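Novice: My file is run-v5.cif. It has mmCIF, C-alpha atoms:
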data_data
loop_
_atom_site.label_atom_id
_atom_site.label_comp_id
_atom_site.auth_asym_id
_atom_site.auth_seq_id
_atom_site.Cartn_x
_atom_site.Cartn_y
_atom_site.Cartn_z
CA MET A 263 45.39 -0.96 -39.26
CA THR A 264 43.16 2.05 -38.81
CA THR A 265 42.91 4.85 -36.31
CA VAL A 266 40.63 7.80 -35.79
CA PRO A 267 41.58 11.10 -34.15
CA ILE A 268 41.18 11.01 -30.40
CA VAL A 269 38.31 13.10 -29.07
CA TRP A 270 39.01 13.96 -25.46
CA ALA A 271 36.11 13.78 -23.08
CA LYS A 272 35.88 15.26 -19.64
CA LYS A 273 36.32 12.28 -17.36
CA PRO A 274 33.60 11.65 -14.80
CA ARG A 275 34.69 11.59 -11.19
CA ALA A 276 35.81 8.05 -10.46
CA THR A 277 34.30 6.22 -7.54
CA GLN A 278 36.18 3.33 -6.05
CA ALA A 279 34.10 0.17 -5.96
CA PRO A 280 34.66 -2.25 -3.11
CA ARG A 281 37.35 -4.71 -4.10
CA VAL A 282 36.36 -8.35 -4.21
CA ALA A 283 38.91 -11.13 -4.57
CA VAL A 284 38.87 -12.78 -7.97
CA GLY A 285 36.57 -15.78 -7.97
CA SER A 286 35.02 -14.98 -4.59
CA ALA A 287 31.29 -15.10 -4.08
CA ARG A 288 29.30 -11.89 -3.88
CA PRO A 289 26.40 -12.09 -1.42
CA THR A 290 24.01 -10.06 -3.56
CA ARG A 291 24.85 -11.71 -6.88
CA ASP A 292 22.13 -13.97 -8.27
CA ARG A 293 23.47 -16.34 -10.94
CA ALA A 294 22.19 -19.32 -12.90
CA PRO A 295 24.51 -22.31 -13.44
CA LEU A 296 24.52 -23.66 -17.00
CA CYS A 297 26.93 -26.46 -17.92
CA GLY A 298 29.66 -25.22 -15.64
CA THR A 299 29.22 -21.52 -16.36
CA LEU A 300 27.54 -18.91 -14.17
CA LEU A 301 25.23 -16.34 -15.76
CA ASP A 302 23.75 -13.35 -13.97
CA ARG A 303 19.96 -13.34 -13.67
CA VAL A 304 19.46 -9.75 -14.81
CA THR A 305 17.21 -7.86 -17.19
CA LEU A 306 18.58 -5.47 -19.80
CA ALA A 307 17.57 -2.52 -17.62
CA GLU A 308 19.45 -3.98 -14.65
CA ALA A 309 22.49 -4.69 -16.83
CA ALA A 310 22.45 -1.11 -18.14
CA SER A 311 22.46 0.21 -14.58
CA LYS A 312 25.52 -1.90 -13.83
CA LEU A 313 27.28 -0.62 -16.96
CA ALA A 314 26.87 2.96 -15.73
CA ARG A 315 28.33 2.08 -12.35
CA PHE A 316 31.20 0.10 -13.89
CA ALA A 317 32.15 2.88 -16.31
CA ALA A 318 32.51 5.37 -13.44
CA SER A 319 34.66 3.01 -11.38
CA ALA A 320 38.38 3.34 -10.77
CA ARG A 321 39.01 -0.31 -11.64
CA LEU A 322 38.18 -2.39 -14.69
CA HIS A 323 34.95 -4.37 -14.69
CA GLN A 324 34.58 -7.06 -17.32
CA VAL A 325 31.26 -8.02 -18.88
CA VAL A 326 30.82 -11.17 -20.98
CA ALA A 327 27.89 -11.86 -23.31
CA VAL A 328 27.50 -15.65 -23.48
CA ASN A 329 25.68 -17.38 -26.32
CA LEU A 330 25.30 -21.09 -27.06
CA ASP A 331 28.56 -21.24 -29.01
CA CYS A 332 30.40 -19.56 -26.11
CA LEU A 333 28.94 -22.18 -23.80
CA ARG A 334 30.22 -24.92 -26.10
CA ILE A 335 33.71 -23.42 -26.24
CA ALA A 336 33.79 -23.07 -22.46
CA GLN A 337 33.33 -26.84 -22.09
CA ARG A 338 36.81 -27.46 -23.49
CA ASP A 339 38.52 -24.13 -22.83
CA ASP A 340 39.19 -23.84 -19.11
CA ALA A 341 40.56 -20.31 -19.45
CA PHE A 342 37.42 -19.11 -21.20
CA ARG A 343 35.15 -20.76 -18.64
CA GLN A 344 37.15 -19.07 -15.91
CA THR A 345 36.85 -15.74 -17.72
CA ILE A 346 33.06 -16.09 -17.81
CA ASN A 347 32.75 -17.16 -14.19
CA GLU A 348 35.09 -14.45 -12.89
CA ALA A 349 33.56 -11.64 -14.95
CA ASP A 350 31.82 -8.86 -13.06
CA LEU A 351 28.74 -9.49 -15.19
CA ALA A 352 27.94 -12.43 -17.48
CA VAL A 353 24.71 -12.24 -19.46
CA ALA A 354 22.75 -14.71 -21.59
CA ASP A 355 23.15 -13.63 -25.21
CA GLY A 356 20.82 -16.22 -26.70
CA MET A 357 17.31 -17.55 -26.22
CA PRO A 358 18.46 -21.21 -26.03
CA LEU A 359 20.19 -20.36 -22.75
CA VAL A 360 17.09 -18.60 -21.43
CA TRP A 361 14.81 -21.48 -22.46
CA ALA A 362 17.09 -24.08 -20.87
CA SER A 363 17.42 -22.13 -17.63
CA ARG A 364 13.64 -22.15 -17.24
CA LEU A 365 13.68 -25.94 -17.10
CA GLY A 366 15.83 -25.74 -13.98
CA ASP A 367 15.45 -23.90 -10.71
CA SER A 368 17.31 -20.68 -11.67
CA PRO A 369 15.43 -19.18 -14.63
CA LEU A 370 16.99 -16.28 -16.48
CA PRO A 371 14.55 -13.35 -16.83
CA GLU A 372 15.41 -12.49 -20.44
CA ARG A 373 18.05 -12.43 -23.14
CA VAL A 374 20.63 -9.62 -22.83
CA THR A 375 22.68 -9.40 -26.02
CA GLY A 376 26.12 -7.98 -26.56
CA ASN A 377 24.61 -5.69 -29.19
CA SER A 378 22.17 -4.34 -26.60
CA LEU A 379 25.06 -3.69 -24.22
CA LEU A 380 26.83 -1.84 -27.03
CA GLU A 381 23.77 0.33 -27.62
CA LYS A 382 23.42 1.05 -23.89
CA SER A 383 27.10 1.99 -23.71
CA CYS A 384 26.66 4.49 -26.54
CA GLU A 385 23.64 5.98 -24.76
CA LEU A 386 25.71 6.16 -21.57
CA SER A 387 28.51 7.98 -23.39
CA ALA A 388 26.04 10.47 -24.86
CA ALA A 389 24.57 11.14 -21.42
CA THR A 390 27.79 11.37 -19.39
CA GLY A 391 30.63 12.09 -21.83
CA ALA A 392 32.37 8.83 -20.95
CA GLY A 393 34.77 8.07 -23.80
CA ILE A 394 34.49 4.85 -25.81
CA PHE A 395 37.41 3.02 -27.41
CA LEU A 396 36.60 0.62 -30.27
CA LEU A 397 39.15 -2.17 -30.66
CA GLY A 398 39.14 -4.87 -33.31
CA SER A 399 37.25 -5.97 -36.42
CA ARG A 400 38.61 -5.59 -39.94
CA PRO A 401 40.43 -2.45 -41.13
CA GLY A 402 38.05 0.44 -41.60
CA ILE A 403 35.13 -1.06 -39.69
CA ALA A 404 36.01 0.47 -36.32
CA ASP A 405 36.21 3.88 -38.01
CA ALA A 406 32.84 3.34 -39.70
CA ALA A 407 31.33 2.27 -36.37
CA ALA A 408 32.75 5.42 -34.76
CA ARG A 409 31.02 7.56 -37.38
CA ALA A 410 27.77 5.67 -36.85
CA ILE A 411 27.96 6.31 -33.11
CA ALA A 412 28.45 10.05 -33.72
CA THR A 413 25.38 10.09 -35.98
CA ARG A 414 23.01 7.94 -33.93
CA TYR A 415 24.03 9.05 -30.44
CA PRO A 416 24.60 12.83 -30.41
CA GLY A 417 27.01 13.75 -27.65
CA ALA A 418 28.63 10.31 -27.48
CA VAL A 419 32.42 10.43 -27.44
CA VAL A 420 34.61 7.99 -29.38
CA ALA A 421 37.99 8.44 -27.74
CA GLY A 422 39.74 6.16 -30.23
CA ALA A 423 39.44 3.25 -32.63
CA TYR A 424 42.01 0.70 -33.72
CA SER A 425 42.04 -2.48 -35.81
CA PRO A 426 45.05 -4.62 -34.82
CA PRO A 427 46.85 -6.90 -37.27
CA PHE A 428 45.12 -10.19 -38.04
CA GLY A 429 46.50 -13.18 -36.17
CA PRO A 430 48.51 -13.56 -32.96
CA LEU A 431 49.96 -10.39 -31.50
CA SER A 432 53.60 -10.02 -30.54
CA PRO A 433 54.31 -8.86 -26.97
CA ARG A 434 55.26 -5.46 -28.35
CA GLU A 435 52.03 -5.13 -30.36
CA ASP A 436 50.05 -6.25 -27.35
CA ARG A 437 51.67 -3.61 -25.15
CA GLU A 438 51.11 -0.93 -27.78
CA ILE A 439 47.39 -1.70 -27.88
CA VAL A 440 47.09 -1.37 -24.10
CA ASP A 441 49.03 1.91 -24.20
CA ARG A 442 46.87 3.22 -27.03
CA VAL A 443 43.69 2.52 -25.05
CA ASN A 444 45.08 4.07 -21.89
CA ARG A 445 46.32 7.22 -23.65
CA SER A 446 42.86 7.80 -25.12
CA GLY A 447 41.32 8.45 -21.72
CA ALA A 448 38.38 6.19 -22.58
CA ARG A 449 36.21 4.80 -19.80
CA ILE A 450 34.53 2.13 -21.94
CA LEU A 451 36.44 -0.42 -24.03
CA ILE A 452 34.55 -2.40 -26.67
CA VAL A 453 36.50 -5.30 -28.18
CA ALA A 454 35.54 -7.02 -31.44
CA LEU A 455 38.02 -9.89 -31.81
CA GLY A 456 35.60 -12.82 -31.59
CA ALA A 457 35.07 -15.19 -28.67
CA PRO A 458 36.93 -16.42 -26.77
CA ARG A 459 39.88 -14.28 -27.89
CA GLN A 460 38.28 -10.94 -27.07
CA ASP A 461 37.12 -11.98 -23.61
CA ASN A 462 40.32 -13.75 -22.60
CA TRP A 463 42.35 -10.75 -23.83
CA ILE A 464 40.39 -8.39 -21.59
CA ARG A 465 40.86 -10.68 -18.61
CA GLU A 466 44.60 -11.02 -19.26
CA HIS A 467 44.97 -7.23 -19.22
CA ARG A 468 42.47 -6.34 -16.50
CA ASN A 469 45.25 -4.96 -14.30
CA ASP A 470 46.82 -2.94 -17.13
CA LEU A 471 43.83 -1.28 -18.80
CA LYS A 472 42.76 2.02 -17.26
CA VAL A 473 39.09 1.79 -18.18
CA GLY A 474 36.10 1.17 -15.94
CA LEU A 475 34.15 -1.11 -18.30
CA ALA A 476 35.26 -3.58 -20.97
CA PHE A 477 33.37 -6.19 -22.95
CA GLY A 478 33.50 -8.10 -26.23
CA VAL A 479 30.94 -7.73 -29.01
CA GLY A 480 32.03 -10.21 -31.69
CA CYS A 481 30.63 -8.85 -34.96
CA GLY A 482 28.89 -5.99 -33.15
CA LEU A 483 30.96 -3.30 -34.86
CA ASP A 484 29.97 -4.68 -38.27
CA LEU A 485 26.31 -4.34 -37.27
CA LEU A 486 26.83 -0.87 -35.87
CA ALA A 487 28.64 0.24 -39.02
CA GLY A 488 25.74 -1.02 -41.13
CA LEU A 489 27.79 -3.63 -42.99
CA VAL A 490 25.63 -6.48 -41.71
CA PRO A 491 21.87 -5.97 -41.13
CA ARG A 492 20.48 -7.13 -37.83
CA ALA A 493 17.50 -9.46 -37.72
CA PRO A 494 14.01 -7.96 -37.55
CA ILE A 495 12.69 -7.39 -34.05
CA TRP A 496 10.20 -10.26 -34.33
CA MET A 497 13.02 -12.71 -35.13
CA GLN A 498 15.08 -11.44 -32.20
CA GLN A 499 12.15 -11.86 -29.83
CA ALA A 500 11.36 -15.34 -31.16
CA GLY A 501 14.93 -16.53 -30.70
CA LEU A 502 15.48 -16.77 -34.46
CA GLU A 503 18.28 -14.26 -34.89
CA TRP A 504 20.65 -17.16 -35.57
CA LEU A 505 18.52 -18.12 -38.59
CA HIS A 506 18.82 -14.59 -39.96
CA ARG A 507 22.61 -14.72 -39.59
CA PHE A 508 22.74 -18.17 -41.20
CA ARG A 509 20.80 -16.86 -44.18
CA LEU A 510 23.41 -14.11 -44.62
CA GLU A 511 26.50 -16.31 -44.13
CA PRO A 512 25.58 -19.97 -44.69
CA GLY A 513 29.08 -21.00 -45.77
CA ARG A 514 30.66 -19.73 -42.57
CA LEU A 515 27.97 -20.59 -40.06
CA TRP A 516 26.47 -23.94 -41.10
CA ARG A 517 29.07 -26.00 -39.22
CA ARG A 518 28.86 -23.82 -36.14
CA TYR A 519 25.08 -24.00 -35.88
CA PHE A 520 24.27 -27.50 -37.08
CA VAL A 521 27.40 -29.53 -36.30
CA ASN A 522 28.83 -27.85 -33.22
CA ASP A 523 26.03 -26.04 -31.41
CA THR A 524 23.09 -28.44 -31.89
CA PRO A 525 24.65 -31.18 -29.70
CA MET A 526 25.52 -28.51 -27.14
CA PHE A 527 21.91 -27.39 -27.02
CA ALA A 528 20.77 -30.97 -26.46
CA ARG A 529 23.25 -31.38 -23.63
CA LEU A 530 22.18 -28.06 -22.12
CA LEU A 531 18.51 -29.09 -22.14
CA ALA A 532 19.29 -32.47 -20.59
CA GLU A 533 21.36 -30.97 -17.78
CA SER A 534 18.75 -28.30 -17.10
CA VAL A 535 15.99 -30.90 -16.84
CA ARG A 536 18.07 -32.95 -14.39
CA ALA A 537 18.84 -29.85 -12.34
CA GLY A 538 15.16 -28.97 -12.12
CA ARG A 539 14.07 -32.37 -10.77
CA PRO A 540 13.25 -32.48 -7.06
#
Please lay out the structure from this file as structure tokens.
Specialist:
Amino acid sequence: MTTVPIVWAKKPRATQAPRVAVGSARPTRDRAPLCGTLLDRVTLAEAASKLARFAASARLHQVVAVNLDCLRIAQRDDAFRQTINEADLAVADGMPLVWASRLGDSPLPERVTGNSLLEKSCELSAATGAGIFLLGSRPGIADAAARAIATRYPGAVVAGAYSPPFGPLSPREDREIVDRVNRSGARILIVALGAPRQDNWIREHRNDLKVGLAFGVGCGLDLLAGLVPRAPIWMQQAGLEWLHRFRLEPGRLWRRYFVNDTPMFARLLAESVRAGRP
């Protein structure tokens, strides 16, 4: 377990967003259905604008970055699918989802990755003083990510960082994590526990956490800390970031990509084609 000293930030004036019942439709929300999940048809710029509004809100807004593996998990995990569909913002974190959506009648404008949301959140903190709390990853990584944020985003505020014990949390440990986040005064909570655990955890505690914005980033803190290099820009734009990650961790990722996710991609394409037929 690791912690970093809390750096208190002056809290921005909170503005109460209109409350919407969980699961209810929002008239202005434009979403694309993909295999039972609903993804917002937004660009990165539009997503960043929503992050700023969420962070200043008096209630928690959850954002979920959905990649092909998340889509596969959601087919058998009802709780995770519900988490995605009830999130305040769900973005397509993978070109396969964007490509498939363009075969149907609700094309997604572009890929919006969890790493991009992390970067935009750091920029937001630097501009407004909104505190960030980093939760998860292996011991020491959250601290290293906090130092990287201070270096790359002058003025950004890391209100706290904590790596919980590996494995299931006891009710007491769970409560202590929530209290730790709330005591920090952070407005933005970034959780790196892996999907679907990180996203379901946020949803389970949405009425307890006193932050305006919360989202999961998977291995995003490892990338931010510089422990894992991100793919070159050309690979990201070509939808080949998965190949870069496979090259770095073939033993861990070969089953996920070639055994689990390939059939899911085929199913996604087939359903998108059927949905796009007149």
Novice: Go through region 324-426 of chain A residue by residue and, counting all atoms listed in the file, keep those with an atom at most 10 Å from region 503-519 of chain A; for each kept residue give the shortest atom pair and its distance in Å to one decimal, ordered by chain and increasing number, as JSON lines.
Specialist:
{"residue": "A:Leu330", "atom": "CA", "partner": "A:Tyr519", "partner_atom": "CA", "distance": 9.3}
{"residue": "A:Asp331", "atom": "CA", "partner": "A:Arg518", "partner_atom": "CA", "distance": 7.6}
{"residue": "A:Gly356", "atom": "CA", "partner": "A:Glu503", "partner_atom": "CA", "distance": 8.8}
{"residue": "A:Met357", "atom": "CA", "partner": "A:Glu503", "partner_atom": "CA", "distance": 9.3}
Novice: So, with all atoms listed in the file as the atoms that count, which of A:Ala389, A:Leu397, A:Leu301, A:Ala310 lies closest to Asp355 (chain A)?
Specialist: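 Once distances to Asp355 (chain A) are computed over all atoms listed in the file, the minimum belongs to A:Leu301.
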Novice: Run the PyMOL selection byres ((chain A and resi 467-481) around 8) against the file shown and list the residues it catches, as a PyMOL selection string.
Specialist: chain A and resi 313+316-327+376-377+380+399+440+443-444+447-457+460-461+463-466+482-485
Novice: Selected residues, C-alpha atoms, written as an mmCIF file, in the frame of the given file, please.
Specialist:
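Now in part_6.cif:
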data_model
loop_
_atom_site.group_PDB
_atom_site.id
_atom_site.type_symbol
_atom_site.label_atom_id
_atom_site.label_comp_id
_atom_site.auth_asym_id
_atom_site.auth_seq_id
_atom_site.Cartn_x
_atom_site.Cartn_y
_atom_site.Cartn_z
ATOM 1 C CA LEU A 313 27.280 -0.620 -16.960
ATOM 2 C CA PHE A 316 31.200 0.100 -13.890
ATOM 3 C CA ALA A 317 32.150 2.880 -16.310
ATOM 4 C CA ALA A 318 32.510 5.370 -13.440
ATOM 5 C CA SER A 319 34.660 3.010 -11.380
ATOM 6 C CA ALA A 320 38.380 3.340 -10.770
ATOM 7 C CA ARG A 321 39.010 -0.310 -11.640
ATOM 8 C CA LEU A 322 38.180 -2.390 -14.690
ATOM 9 C CA HIS A 323 34.950 -4.370 -14.690
ATOM 10 C CA GLN A 324 34.580 -7.060 -17.320
ATOM 11 C CA VAL A 325 31.260 -8.020 -18.880
ATOM 12 C CA VAL A 326 30.820 -11.170 -20.980
ATOM 13 C CA ALA A 327 27.890 -11.860 -23.310
ATOM 14 C CA GLY A 376 26.120 -7.980 -26.560
ATOM 15 C CA ASN A 377 24.610 -5.690 -29.190
ATOM 16 C CA LEU A 380 26.830 -1.840 -27.030
ATOM 17 C CA SER A 399 37.250 -5.970 -36.420
ATOM 18 C CA VAL A 440 47.090 -1.370 -24.100
ATOM 19 C CA VAL A 443 43.690 2.520 -25.050
ATOM 20 C CA ASN A 444 45.080 4.070 -21.890
ATOM 21 C CA GLY A 447 41.320 8.450 -21.720
ATOM 22 C CA ALA A 448 38.380 6.190 -22.580
ATOM 23 C CA ARG A 449 36.210 4.800 -19.800
ATOM 24 C CA ILE A 450 34.530 2.130 -21.940
ATOM 25 C CA LEU A 451 36.440 -0.420 -24.030
ATOM 26 C CA ILE A 452 34.550 -2.400 -26.670
ATOM 27 C CA VAL A 453 36.500 -5.300 -28.180
ATOM 28 C CA ALA A 454 35.540 -7.020 -31.440
ATOM 29 C CA LEU A 455 38.020 -9.890 -31.810
ATOM 30 C CA GLY A 456 35.600 -12.820 -31.590
ATOM 31 C CA ALA A 457 35.070 -15.190 -28.670
ATOM 32 C CA GLN A 460 38.280 -10.940 -27.070
ATOM 33 C CA ASP A 461 37.120 -11.980 -23.610
ATOM 34 C CA TRP A 463 42.350 -10.750 -23.830
ATOM 35 C CA ILE A 464 40.390 -8.390 -21.590
ATOM 36 C CA ARG A 465 40.860 -10.680 -18.610
ATOM 37 C CA GLU A 466 44.600 -11.020 -19.260
ATOM 38 C CA GLY A 482 28.890 -5.990 -33.150
ATOM 39 C CA LEU A 483 30.960 -3.300 -34.860
ATOM 40 C CA ASP A 484 29.970 -4.680 -38.270
ATOM 41 C CA LEU A 485 26.310 -4.340 -37.270
#
Novice: Against region 520-537 of chain A, which residues of region 347-402 of chain A fall within 9 Å? For each one I want the closest pair of atoms and the distance in Å (one decimal), counting all atoms listed in the file, rows by chain and increasing residue number, as a Markdown table.
Specialist:
| residue | atom | partner | partner_atom | distance |
| --- | --- | --- | --- | --- |
| A:Pro358 | CA | A:Phe527 | CA | 7.1 |
| A:Leu359 | CA | A:Leu530 | CA | 8.0 |
| A:Trp361 | CA | A:Leu531 | CA | 8.5 |
| A:Ala362 | CA | A:Leu531 | CA | 5.4 |
| A:Ser363 | CA | A:Ser534 | CA | 6.3 |
| A:Arg364 | CA | A:Ser534 | CA | 8.0 |
| A:Leu365 | CA | A:Val535 | CA | 5.5 |
| A:Gly366 | CA | A:Ser534 | CA | 5.0 |
| A:Asp367 | CA | A:Ala537 | CA | 7.0 |
Novice: Which one is closest to Ala407 (chain A): A:Ile439, A:Ile346, A:Val490, A:Ala336? Count all atoms listed in the file.
Specialist: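 Comparing A:Ile439, A:Ile346, A:Val490, A:Ala336 against Ala407 (chain A), the winner is A:Val490.
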Novice: Record the distance separating CA of Ser383 (chain A) and CA of Ala487 (chain A), expressed in Å with one decimal.
Specialist: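 Calculated distance between CA of Ser383 (chain A) and CA of Ala487 (chain A) is 15.5 Å.
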Novice: Between A:Asp350, A:Asp339, A:Glu372, A:Glu385, which one has atoms that come closest to Thr305 (chain A), using all atoms listed in the file?
Specialist: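 Of A:Asp350, A:Asp339, A:Glu372, A:Glu385, the one nearest Thr305 (chain A) is A:Glu372, counting all atoms listed in the file.
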Novice: If we draw a sphere of 10 Å around (20.9, 13.3, -27.4), which residues have at least one atom in it when counting all atoms listed in the file? Please report them as a CSV table (one decimal) with C-alpha atoms, in the frame of the given file.
Specialist:
chain,number,residue,atom,x,y,z
A,385,GLU,CA,23.6,6.0,-24.8
A,388,ALA,CA,26.0,10.5,-24.9
A,389,ALA,CA,24.6,11.1,-21.4
A,414,ARG,CA,23.0,7.9,-33.9
A,415,TYR,CA,24.0,9.0,-30.4
A,416,PRO,CA,24.6,12.8,-30.4
A,417,GLY,CA,27.0,13.8,-27.6
A,418,ALA,CA,28.6,10.3,-27.5
Novice: Measuring between all atoms listed in the file, which one of A:Gly501, A:Gly398, A:Pro426, A:Gly393 shows the shortest distance to Ala412 (chain A)?
Specialist: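 Among A:Gly501, A:Gly398, A:Pro426, A:Gly393, it is A:Gly393 that comes nearest to Ala412 (chain A).
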Novice: Find the residues near Pro369 (chain A): any atom within 8 Å, counting only C-alpha atoms, skip ones fewer than 6 places away on the same chain, and give them as a list in words.
Specialist: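 Surrounding residues, per the criterion: Ala294, Arg303, Val360 and Ser363 of chain A.
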Novice: Kindly export the residues of the current selection with C-alpha atoms, as a tab-separated table (two decimals), keeping the file's coordinate frame.
Specialist:
chain	number	residue	atom	x	y	z
A	294	ALA	CA	22.19	-19.32	-12.90
A	303	ARG	CA	19.96	-13.34	-13.67
A	360	VAL	CA	17.09	-18.60	-21.43
A	363	SER	CA	17.42	-22.13	-17.63
Novice: Using the chain letters and numbers from the file, which residues does the PyMOL selection byres ((chain A and resi 374) around 6) grab, as a ChimeraX atom specification?
Specialist: /A:306,353-355,373,375
Novice: Restricting the output to C-alpha atoms, write the selected residues as an mmCIF file, keeping the file's coordinate frame.
Specialist:
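File written: again10.cif
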data_model
loop_
_atom_site.group_PDB
_atom_site.id
_atom_site.type_symbol
_atom_site.label_atom_id
_atom_site.label_comp_id
_atom_site.auth_asym_id
_atom_site.auth_seq_id
_atom_site.Cartn_x
_atom_site.Cartn_y
_atom_site.Cartn_z
ATOM 1 C CA LEU A 306 18.580 -5.470 -19.800
ATOM 2 C CA VAL A 353 24.710 -12.240 -19.460
ATOM 3 C CA ALA A 354 22.750 -14.710 -21.590
ATOM 4 C CA ASP A 355 23.150 -13.630 -25.210
ATOM 5 C CA ARG A 373 18.050 -12.430 -23.140
ATOM 6 C CA THR A 375 22.680 -9.400 -26.020
#
Novice: Quick one: distance from CA of Arg315 (chain A) to CA of Lys382 (chain A) in Å, one decimal?
Specialist: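 About the pair CA of Arg315 (chain A) and CA of Lys382 (chain A): they are 12.6 Å apart.
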